[in-house]
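Data block for my_file-v7.txt (compact mmCIF, C-alpha atoms):
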```txt
# COMPACT_ATOMS: atom_id res chain seq x y z
CA MET A 1 -8.03 12.31 16.09
CA LYS A 2 -10.33 12.54 13.04
CA THR A 3 -7.52 11.38 10.76
CA LEU A 4 -6.81 8.31 12.90
CA LEU A 5 -10.49 7.35 12.83
CA GLU A 6 -10.48 7.80 9.06
CA PHE A 7 -7.31 5.68 8.85
CA ASP A 8 -9.00 2.97 10.91
CA ALA A 9 -12.03 2.96 8.61
CA VAL A 10 -9.90 2.70 5.46
CA LEU A 11 -7.73 -0.07 6.92
CA ALA A 12 -10.82 -1.98 8.09
CA GLU A 13 -12.08 -1.97 4.50
CA CYS A 14 -8.65 -3.08 3.23
CA ARG A 15 -8.41 -5.82 5.86
CA ALA A 16 -11.86 -7.16 4.99
CA LEU A 17 -10.82 -7.50 1.34
CA PHE A 18 -7.46 -9.01 2.35
CA GLU A 19 -9.26 -11.57 4.52
CA ALA A 20 -11.80 -12.44 1.81
CA LYS A 21 -9.09 -12.89 -0.81
CA THR A 22 -7.00 -14.96 1.59
CA ARG A 23 -10.02 -17.22 2.14
CA ASP A 24 -10.37 -17.54 -1.67
CA TYR A 25 -6.71 -17.89 -2.67
CA GLY A 26 -4.81 -18.69 0.50
CA THR A 27 -1.53 -16.85 0.82
CA SER A 28 -0.42 -17.55 -2.75
CA TRP A 29 1.02 -14.01 -2.75
CA ARG A 30 3.81 -15.37 -0.53
CA ILE A 31 5.50 -16.59 -3.72
CA PHE A 32 6.10 -12.96 -4.82
CA ARG A 33 9.63 -11.69 -4.57
CA LEU A 34 9.83 -8.05 -3.47
CA PRO A 35 10.57 -6.66 -6.96
CA SER A 36 7.44 -8.43 -8.25
CA LEU A 37 5.34 -6.81 -5.53
CA THR A 38 6.92 -3.45 -6.33
CA ASP A 39 6.01 -3.94 -10.00
CA GLN A 40 2.43 -4.85 -9.02
CA LEU A 41 2.24 -1.62 -7.03
CA TYR A 42 3.69 0.28 -9.98
CA ILE A 43 1.02 -1.07 -12.34
CA LYS A 44 -1.74 0.02 -9.96
CA ALA A 45 -0.26 3.50 -9.47
CA CYS A 46 0.18 3.96 -13.23
CA ARG A 47 -3.47 3.02 -13.82
CA ILE A 48 -4.57 5.55 -11.21
CA ARG A 49 -2.47 8.27 -12.85
CA ASN A 50 -3.82 7.40 -16.31
CA ILE A 51 -7.41 7.60 -15.05
CA GLU A 52 -6.70 10.89 -13.25
CA SER A 53 -5.07 12.35 -16.37
CA SER A 54 -7.65 11.18 -18.90
CA GLY A 55 -10.74 11.36 -16.70
CA THR A 56 -11.94 8.06 -18.14
CA HIS A 57 -11.46 4.34 -17.70
CA LYS A 58 -12.60 1.34 -19.74
CA VAL A 59 -12.34 -1.28 -17.00
CA GLU A 60 -15.34 -1.00 -14.67
CA GLU A 61 -13.32 -0.44 -11.49
CA GLY A 62 -12.25 3.13 -10.86
CA VAL A 63 -9.37 4.39 -8.74
CA ARG A 64 -10.74 3.44 -5.33
CA PRO A 65 -10.05 -0.31 -5.67
CA GLU A 66 -6.58 0.51 -6.98
CA PHE A 67 -5.74 2.57 -3.89
CA ILE A 68 -6.99 -0.30 -1.72
CA GLY A 69 -4.75 -2.60 -3.75
CA LEU A 70 -1.80 -0.29 -3.13
CA ILE A 71 -2.37 -0.58 0.61
CA ASN A 72 -2.83 -4.36 0.63
CA TYR A 73 0.08 -5.10 -1.70
CA SER A 74 2.32 -2.79 0.34
CA ILE A 75 1.38 -4.70 3.48
CA MET A 76 2.16 -7.95 1.66
CA ALA A 77 5.56 -6.49 0.74
CA LEU A 78 6.21 -5.57 4.37
CA ILE A 79 5.29 -9.09 5.44
CA GLN A 80 7.61 -10.55 2.80
CA LEU A 81 10.37 -8.17 3.87
CA GLU A 82 10.00 -9.30 7.48
CA MET A 83 9.36 -13.02 6.98
CA GLY A 84 11.36 -13.61 3.83
CA VAL A 85 10.20 -15.12 0.57
CA PRO A 86 9.76 -18.90 0.60
CA ALA A 87 12.43 -20.73 -1.38
CA GLY A 88 13.29 -24.32 -2.17
CA ALA A 89 10.75 -26.85 -0.91
CA ALA A 90 8.58 -24.07 0.54
CA LEU A 91 8.19 -22.68 -2.97
CA GLU A 92 6.09 -25.73 -3.86
CA ASN A 93 3.53 -24.81 -1.18
CA PRO A 94 3.56 -21.04 -0.73
CA VAL A 95 0.05 -21.06 0.75
CA ASN A 96 1.35 -22.44 4.01
CA MET A 97 0.55 -19.37 6.11
CA PRO A 98 -2.67 -19.94 8.06
CA LEU A 99 -5.35 -17.28 7.80
CA HIS A 100 -5.01 -16.24 11.44
CA LEU A 101 -1.27 -15.65 10.99
CA ALA A 102 -1.77 -13.67 7.76
CA LEU A 103 -4.34 -11.47 9.51
CA GLU A 104 -2.07 -11.09 12.54
CA GLN A 105 0.74 -9.90 10.25
CA PHE A 106 -1.66 -7.55 8.45
CA ASP A 107 -2.75 -6.08 11.78
CA LEU A 108 0.83 -5.63 13.01
CA HIS A 109 1.84 -3.71 9.91
CA ALA A 110 -1.38 -1.68 9.89
CA ALA A 111 -0.74 -0.69 13.51
CA ALA A 112 2.87 0.29 12.74
CA ASN A 113 1.64 2.42 9.86
CA ARG A 114 -1.03 4.02 12.01
CA ALA A 115 1.63 5.09 14.52
CA LEU A 116 3.83 6.42 11.70
CA LEU A 117 0.90 8.35 10.25
CA ALA A 118 0.06 9.86 13.64
CA ASN A 119 3.65 11.04 14.14
CA LYS A 120 4.08 12.45 10.64
CA ASN A 121 0.62 13.99 10.62
CA HIS A 122 1.46 15.76 13.88
CA ASP A 123 4.68 17.18 12.45
CA TYR A 124 3.19 18.21 9.09
CA GLY A 125 -0.06 19.57 10.50
CA GLU A 126 -2.34 17.64 8.13
CA ALA A 127 -0.88 19.46 5.12
CA TRP A 128 -2.00 16.51 2.98
CA ARG A 129 -5.61 17.71 3.28
CA GLU A 130 -4.65 20.78 1.22
CA MET A 131 -2.87 18.76 -1.46
CA ARG A 132 -4.31 17.92 -4.82
CA PRO A 133 -5.30 14.23 -4.89
CA SER A 134 -3.24 13.75 -8.06
CA SER A 135 -0.14 14.84 -6.12
CA LEU A 136 -0.64 11.89 -3.78
CA THR A 137 -0.56 9.59 -6.81
CA ASP A 138 2.63 11.24 -8.04
CA MET A 139 4.22 10.85 -4.61
CA ILE A 140 3.36 7.15 -4.67
CA LEU A 141 4.97 6.80 -8.09
CA VAL A 142 8.11 8.60 -6.89
CA LYS A 143 8.32 6.25 -3.88
CA LEU A 144 7.97 3.27 -6.23
CA MET A 145 10.74 4.55 -8.51
CA ARG A 146 12.97 4.96 -5.46
CA ILE A 147 12.14 1.46 -4.22
CA LYS A 148 12.89 0.03 -7.67
CA GLN A 149 16.26 1.80 -7.69
CA ILE A 150 17.13 0.44 -4.25
CA GLU A 151 16.07 -3.05 -5.37
CA ASP A 152 18.27 -2.68 -8.46
CA ASN A 153 21.12 -1.75 -6.08
CA ASN A 154 20.65 -5.08 -4.25
CA GLY A 155 18.80 -3.39 -1.39
CA GLN A 156 21.65 -1.03 -0.61
CA ALA A 157 20.90 2.61 0.15
CA MET A 158 23.45 5.16 1.26
CA VAL A 159 21.22 7.75 2.93
CA SER A 160 17.60 6.84 2.24
CA GLU A 161 15.13 5.13 4.55
CA GLY A 162 15.16 2.00 2.41
CA VAL A 163 12.34 -0.03 0.95
CA GLU A 164 10.44 -0.51 4.22
CA GLY A 165 9.99 3.24 4.63
CA GLY A 166 8.92 3.51 1.00
CA TYR A 167 6.23 0.85 1.37
CA ARG A 168 5.00 2.50 4.57
CA ASP A 169 4.78 5.89 2.87
CA ILE A 170 2.84 4.35 -0.03
CA ILE A 171 0.31 2.95 2.45
CA ASN A 172 -0.18 6.32 4.10
CA TYR A 173 -0.39 8.25 0.81
CA ALA A 174 -2.99 5.75 -0.43
CA VAL A 175 -4.93 6.14 2.84
CA PHE A 176 -4.86 9.92 2.38
CA ALA A 177 -6.06 9.53 -1.21
CA LEU A 178 -8.97 7.34 -0.11
CA ILE A 179 -9.92 9.78 2.63
CA ARG A 180 -9.84 12.64 0.11
CA HIS A 181 -11.78 10.50 -2.36
CA ASP A 182 -14.54 9.99 0.22
CA GLU A 183 -14.80 13.65 1.23
CA PRO A 184 -17.82 15.49 -0.09
CA VAL A 185 -17.09 18.00 -2.82
CA VAL A 186 -17.80 21.55 -1.68
CA ASN A 187 -18.61 24.03 -4.41
CA ILE A 188 -18.00 27.63 -3.43
```
In structure tokens, what does this structure look like?
Amino acid sequence: MKTLLEFDAVLAECRALFEAKTRDYGTSWRIFRLPSLTDQLYIKACRIRNIESSGTHKVEEGVRPEFIGLINYSIMALIQLEMGVPAGAALENPVNMPLHLALEQFDLHAAANRALLANKNHDYGEAWREMRPSSLTDMILVKLMRIKQIEDNNGQAMVSEGVEGGYRDIINYAVFALIRHDEPVVNI
């Protein structure tokens, strides 16, 4: 139950940023093809890993905004996967999704991920709470490499869950990382 409440808090923060950016930029992200979204996710995950490895960063934002970005861009990818990427005449006006519809889509995918998290968390017994935070970053990068390979194979996968499952796992790993990031450090 605690994990689901923590998930809700993280996703509320992500949704608020998604809504604010949609008000600023519209749904210009609808022009992204899936490989471009995957590459955007990859850039964010690489920055997180570099900061974790070096312990420093020169750009003011730390890892927290990057994990939020991983969640929001993954939800955008899921929306694109479901709705398709605009082409032809629609490409000239990719901001044609009204705010209420963008938020509705965000909420649908957040709810699907919440259910997935609840099921997996039940089966794994919250093992993620014992993991090193850097391992969550590495797991995100592995998922991204797998998604890229599937994309390079024209979306074909023989035995894997496919790109949708990869994006959903990235969301949940990023949620776990943010929860761990917010936990107080206990010195023994």
Response to the item:
One residue among A:Gln80, A:Asn121, A:Asn113, A:Ser135 is nearest to Arg168 (chain A) when using all atoms listed in the file, and that residue is A:Asn113
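For the pair CA of Glu66 (chain A) and CA of Ala177 (chain A), the separation is 10.7 Å.
Counting only C-alpha atoms, the residue from A:Ala45, A:Ile147, A:Ser28, A:Asp182 that sits nearest to Ser160 (chain A) is A:Ile147.
Nearest to Ala174 (chain A) of all the residues A:Leu136, A:Ala16, A:Val59, A:Ala127 is A:Leu136, based on all atoms listed in the file.
Across A:Ala77, A:Leu117, A:Met97, A:Met145, the tightest approach to Glu164 (chain A) is made by A:Ala77 when counting all atoms listed in the file.
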Fill in: Counting all atoms listed in the file, the option among A:Leu41, A:Glu19, A:Tyr167, A:Ile179 closest to Lys2 (chain A)
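Smallest separation from Lys2 (chain A) among the options: A:Ile179.
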Item to complete: May I have the protein, DNA and RNA residues with an atom at most 8 Å from (-2.3, -17.9, 1.4), counting all atoms listed in the file in the file's coordinates, returned as a list in words?
Response: Thr22, Arg23, Tyr25, Gly26, Thr27, Ser28, Trp29, Arg30, Pro94, Val95, Asn96, Met97, Pro98, Leu99 and Ala102 of chain A
Worksheet item: Can you tell me, as a PyMOL selection string, what residues are no more than 12 Å from region 153-159 of chain A when counting all atoms listed in the file, ignoring any on the same chain fewer than 5 positions away?
Response: chain A and resi 34-35+81+146-148+164-165
Discussion item. When you count all atoms listed in the file, which of these residues is closest to Pro86 (chain A): A:Arg33, A:Lys21, A:Arg49, A:His181?
Written reply: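 Closest candidate: A:Arg33.
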How big is the axis-aligned box, and where does its centre sit, when it encloses all atoms of region 177-181 of chain A listed in the file and has 5 Å added on every side, reported in Å to one decimal as AutoDock Vina command-line options?
```
--center_x -8.9 --center_y 10.0 --center_z 0.1 --size_x 15.7 --size_y 15.3 --size_z 15.0
```
Practice prompt. Excluding Tyr173 (chain A) and residues on its chain fewer than 3 positions from it, collect all residues at most 9 Å away from it, counting all atoms listed in the file, and give them as a list in words.
Written response: Trp128, Leu136, Thr137, Met139, Ile140, Arg168, Asp169, Ile170, Phe176, Ala177 and Leu178 of chain A
Discussion item. Show me, as a ChimeraX atom specification, the residues that have an atom within 9 Å of Val10 (chain A) when counting only C-alpha atoms, minus same-chain residues fewer than 2 positions from it.
Written reply: /A:5-8,12-15,68,175,178-179
Item to complete: Write out as a VMD selection string which residues come within 9 Å of Asn72 (chain A) when counting only C-alpha atoms, dropping same-chain ones fewer than 2 positions away.
Response: chain A and resid 14 to 15 17 to 18 67 to 70 74 to 77 106 171
Produce a file of the selected residues containing C-alpha atoms, as a tab-separated table (two decimals), in the coordinates of the input.
```tsv
chain	number	residue	atom	x	y	z
A	14	CYS	CA	-8.65	-3.08	3.23
A	15	ARG	CA	-8.41	-5.82	5.86
A	17	LEU	CA	-10.82	-7.50	1.34
A	18	PHE	CA	-7.46	-9.01	2.35
A	67	PHE	CA	-5.74	2.57	-3.89
A	68	ILE	CA	-6.99	-0.30	-1.72
A	69	GLY	CA	-4.75	-2.60	-3.75
A	70	LEU	CA	-1.80	-0.29	-3.13
A	74	SER	CA	2.32	-2.79	0.34
A	75	ILE	CA	1.38	-4.70	3.48
A	76	MET	CA	2.16	-7.95	1.66
A	77	ALA	CA	5.56	-6.49	0.74
A	106	PHE	CA	-1.66	-7.55	8.45
A	171	ILE	CA	0.31	2.95	2.45
```
Worksheet item: Please, what distance in Å, to one decimal, runs between CA of Gly125 (chain A) and CA of Leu108 (chain A)?
Response: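 These two atoms are separated by 25.3 Å.
For the atom pair formed by CA of Ala118 (chain A) and CA of Met1 (chain A), the distance is 8.8 Å, given to one decimal.
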Where atoms are missing, can you supply N, CA and C atoms for region 29-58 of chain A and output the lot as a PDB file, in the frame of the given file?
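Contents of out_22.pdb, freshly written:
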```pdb
ATOM      1  N   TRP A  29       0.168 -15.192  -2.548  1.00  0.00           N
ATOM      2  CA  TRP A  29       1.020 -14.010  -2.750  1.00  0.00           C
ATOM      3  C   TRP A  29       2.387 -14.186  -2.091  1.00  0.00           C
ATOM      4  N   ARG A  30       2.523 -15.146  -1.190  1.00  0.00           N
ATOM      5  CA  ARG A  30       3.810 -15.370  -0.530  1.00  0.00           C
ATOM      6  C   ARG A  30       4.908 -15.785  -1.518  1.00  0.00           C
ATOM      7  N   ILE A  31       4.508 -16.200  -2.712  1.00  0.00           N
ATOM      8  CA  ILE A  31       5.500 -16.590  -3.720  1.00  0.00           C
ATOM      9  C   ILE A  31       6.173 -15.358  -4.350  1.00  0.00           C
ATOM     10  N   PHE A  32       5.529 -14.185  -4.237  1.00  0.00           N
ATOM     11  CA  PHE A  32       6.100 -12.960  -4.820  1.00  0.00           C
ATOM     12  C   PHE A  32       7.434 -12.610  -4.191  1.00  0.00           C
ATOM     13  N   ARG A  33       8.399 -12.326  -5.035  1.00  0.00           N
ATOM     14  CA  ARG A  33       9.630 -11.690  -4.570  1.00  0.00           C
ATOM     15  C   ARG A  33       9.332 -10.196  -4.468  1.00  0.00           C
ATOM     16  N   LEU A  34      10.110  -9.483  -3.685  1.00  0.00           N
ATOM     17  CA  LEU A  34       9.830  -8.050  -3.470  1.00  0.00           C
ATOM     18  C   LEU A  34       9.773  -7.248  -4.769  1.00  0.00           C
ATOM     19  N   PRO A  35      10.687  -7.432  -5.721  1.00  0.00           N
ATOM     20  CA  PRO A  35      10.570  -6.660  -6.960  1.00  0.00           C
ATOM     21  C   PRO A  35       9.257  -6.922  -7.706  1.00  0.00           C
ATOM     22  N   SER A  36       8.730  -8.132  -7.604  1.00  0.00           N
ATOM     23  CA  SER A  36       7.440  -8.430  -8.250  1.00  0.00           C
ATOM     24  C   SER A  36       6.304  -7.678  -7.565  1.00  0.00           C
ATOM     25  N   LEU A  37       6.348  -7.599  -6.248  1.00  0.00           N
ATOM     26  CA  LEU A  37       5.340  -6.810  -5.530  1.00  0.00           C
ATOM     27  C   LEU A  37       5.468  -5.331  -5.869  1.00  0.00           C
ATOM     28  N   THR A  38       6.695  -4.853  -5.954  1.00  0.00           N
ATOM     29  CA  THR A  38       6.920  -3.450  -6.330  1.00  0.00           C
ATOM     30  C   THR A  38       6.345  -3.182  -7.720  1.00  0.00           C
ATOM     31  N   ASP A  39       6.558  -4.117  -8.655  1.00  0.00           N
ATOM     32  CA  ASP A  39       6.010  -3.940 -10.000  1.00  0.00           C
ATOM     33  C   ASP A  39       4.479  -3.979  -9.984  1.00  0.00           C
ATOM     34  N   GLN A  40       3.892  -4.820  -9.147  1.00  0.00           N
ATOM     35  CA  GLN A  40       2.430  -4.850  -9.020  1.00  0.00           C
ATOM     36  C   GLN A  40       1.907  -3.507  -8.515  1.00  0.00           C
ATOM     37  N   LEU A  41       2.600  -2.949  -7.540  1.00  0.00           N
ATOM     38  CA  LEU A  41       2.240  -1.620  -7.030  1.00  0.00           C
ATOM     39  C   LEU A  41       2.380  -0.568  -8.128  1.00  0.00           C
ATOM     40  N   TYR A  42       3.436  -0.673  -8.898  1.00  0.00           N
ATOM     41  CA  TYR A  42       3.690   0.280  -9.980  1.00  0.00           C
ATOM     42  C   TYR A  42       2.560   0.263 -11.012  1.00  0.00           C
ATOM     43  N   ILE A  43       2.120  -0.941 -11.375  1.00  0.00           N
ATOM     44  CA  ILE A  43       1.020  -1.070 -12.340  1.00  0.00           C
ATOM     45  C   ILE A  43      -0.234  -0.375 -11.818  1.00  0.00           C
ATOM     46  N   LYS A  44      -0.551  -0.596 -10.551  1.00  0.00           N
ATOM     47  CA  LYS A  44      -1.740   0.020  -9.960  1.00  0.00           C
ATOM     48  C   LYS A  44      -1.621   1.541  -9.935  1.00  0.00           C
ATOM     49  N   ALA A  45      -0.466   2.045  -9.535  1.00  0.00           N
ATOM     50  CA  ALA A  45      -0.260   3.500  -9.470  1.00  0.00           C
ATOM     51  C   ALA A  45      -0.316   4.117 -10.866  1.00  0.00           C
ATOM     52  N   CYS A  46       0.240   3.442 -11.853  1.00  0.00           N
ATOM     53  CA  CYS A  46       0.180   3.960 -13.230  1.00  0.00           C
ATOM     54  C   CYS A  46      -1.261   4.022 -13.726  1.00  0.00           C
ATOM     55  N   ARG A  47      -2.055   3.000 -13.404  1.00  0.00           N
ATOM     56  CA  ARG A  47      -3.470   3.020 -13.820  1.00  0.00           C
ATOM     57  C   ARG A  47      -4.194   4.189 -13.163  1.00  0.00           C
ATOM     58  N   ILE A  48      -3.938   4.424 -11.889  1.00  0.00           N
ATOM     59  CA  ILE A  48      -4.570   5.550 -11.210  1.00  0.00           C
ATOM     60  C   ILE A  48      -4.206   6.857 -11.908  1.00  0.00           C
ATOM     61  N   ARG A  49      -2.913   7.028 -12.193  1.00  0.00           N
ATOM     62  CA  ARG A  49      -2.470   8.270 -12.850  1.00  0.00           C
ATOM     63  C   ARG A  49      -3.103   8.423 -14.232  1.00  0.00           C
ATOM     64  N   ASN A  50      -3.193   7.326 -14.982  1.00  0.00           N
ATOM     65  CA  ASN A  50      -3.820   7.400 -16.310  1.00  0.00           C
ATOM     66  C   ASN A  50      -5.286   7.804 -16.205  1.00  0.00           C
ATOM     67  N   ILE A  51      -5.992   7.249 -15.233  1.00  0.00           N
ATOM     68  CA  ILE A  51      -7.410   7.600 -15.050  1.00  0.00           C
ATOM     69  C   ILE A  51      -7.532   9.059 -14.615  1.00  0.00           C
ATOM     70  N   GLU A  52      -6.670   9.487 -13.691  1.00  0.00           N
ATOM     71  CA  GLU A  52      -6.700  10.890 -13.250  1.00  0.00           C
ATOM     72  C   GLU A  52      -6.408  11.838 -14.403  1.00  0.00           C
ATOM     73  N   SER A  53      -5.471  11.467 -15.262  1.00  0.00           N
ATOM     74  CA  SER A  53      -5.070  12.350 -16.370  1.00  0.00           C
ATOM     75  C   SER A  53      -6.116  12.387 -17.474  1.00  0.00           C
ATOM     76  N   SER A  54      -6.697  11.234 -17.797  1.00  0.00           N
ATOM     77  CA  SER A  54      -7.650  11.180 -18.900  1.00  0.00           C
ATOM     78  C   SER A  54      -9.081  11.456 -18.465  1.00  0.00           C
ATOM     79  N   GLY A  55      -9.375  11.189 -17.192  1.00  0.00           N
ATOM     80  CA  GLY A  55     -10.740  11.360 -16.700  1.00  0.00           C
ATOM     81  C   GLY A  55     -11.657  10.222 -17.080  1.00  0.00           C
ATOM     82  N   THR A  56     -11.113   9.197 -17.725  1.00  0.00           N
ATOM     83  CA  THR A  56     -11.940   8.060 -18.140  1.00  0.00           C
ATOM     84  C   THR A  56     -11.219   6.747 -17.837  1.00  0.00           C
ATOM     85  N   HIS A  57     -12.019   5.691 -17.824  1.00  0.00           N
ATOM     86  CA  HIS A  57     -11.460   4.340 -17.700  1.00  0.00           C
ATOM     87  C   HIS A  57     -12.386   3.378 -18.407  1.00  0.00           C
ATOM     88  N   LYS A  58     -11.813   2.326 -19.002  1.00  0.00           N
ATOM     89  CA  LYS A  58     -12.600   1.340 -19.740  1.00  0.00           C
ATOM     90  C   LYS A  58     -12.893   0.100 -18.914  1.00  0.00           C
TER      91      LYS A  58
END
```
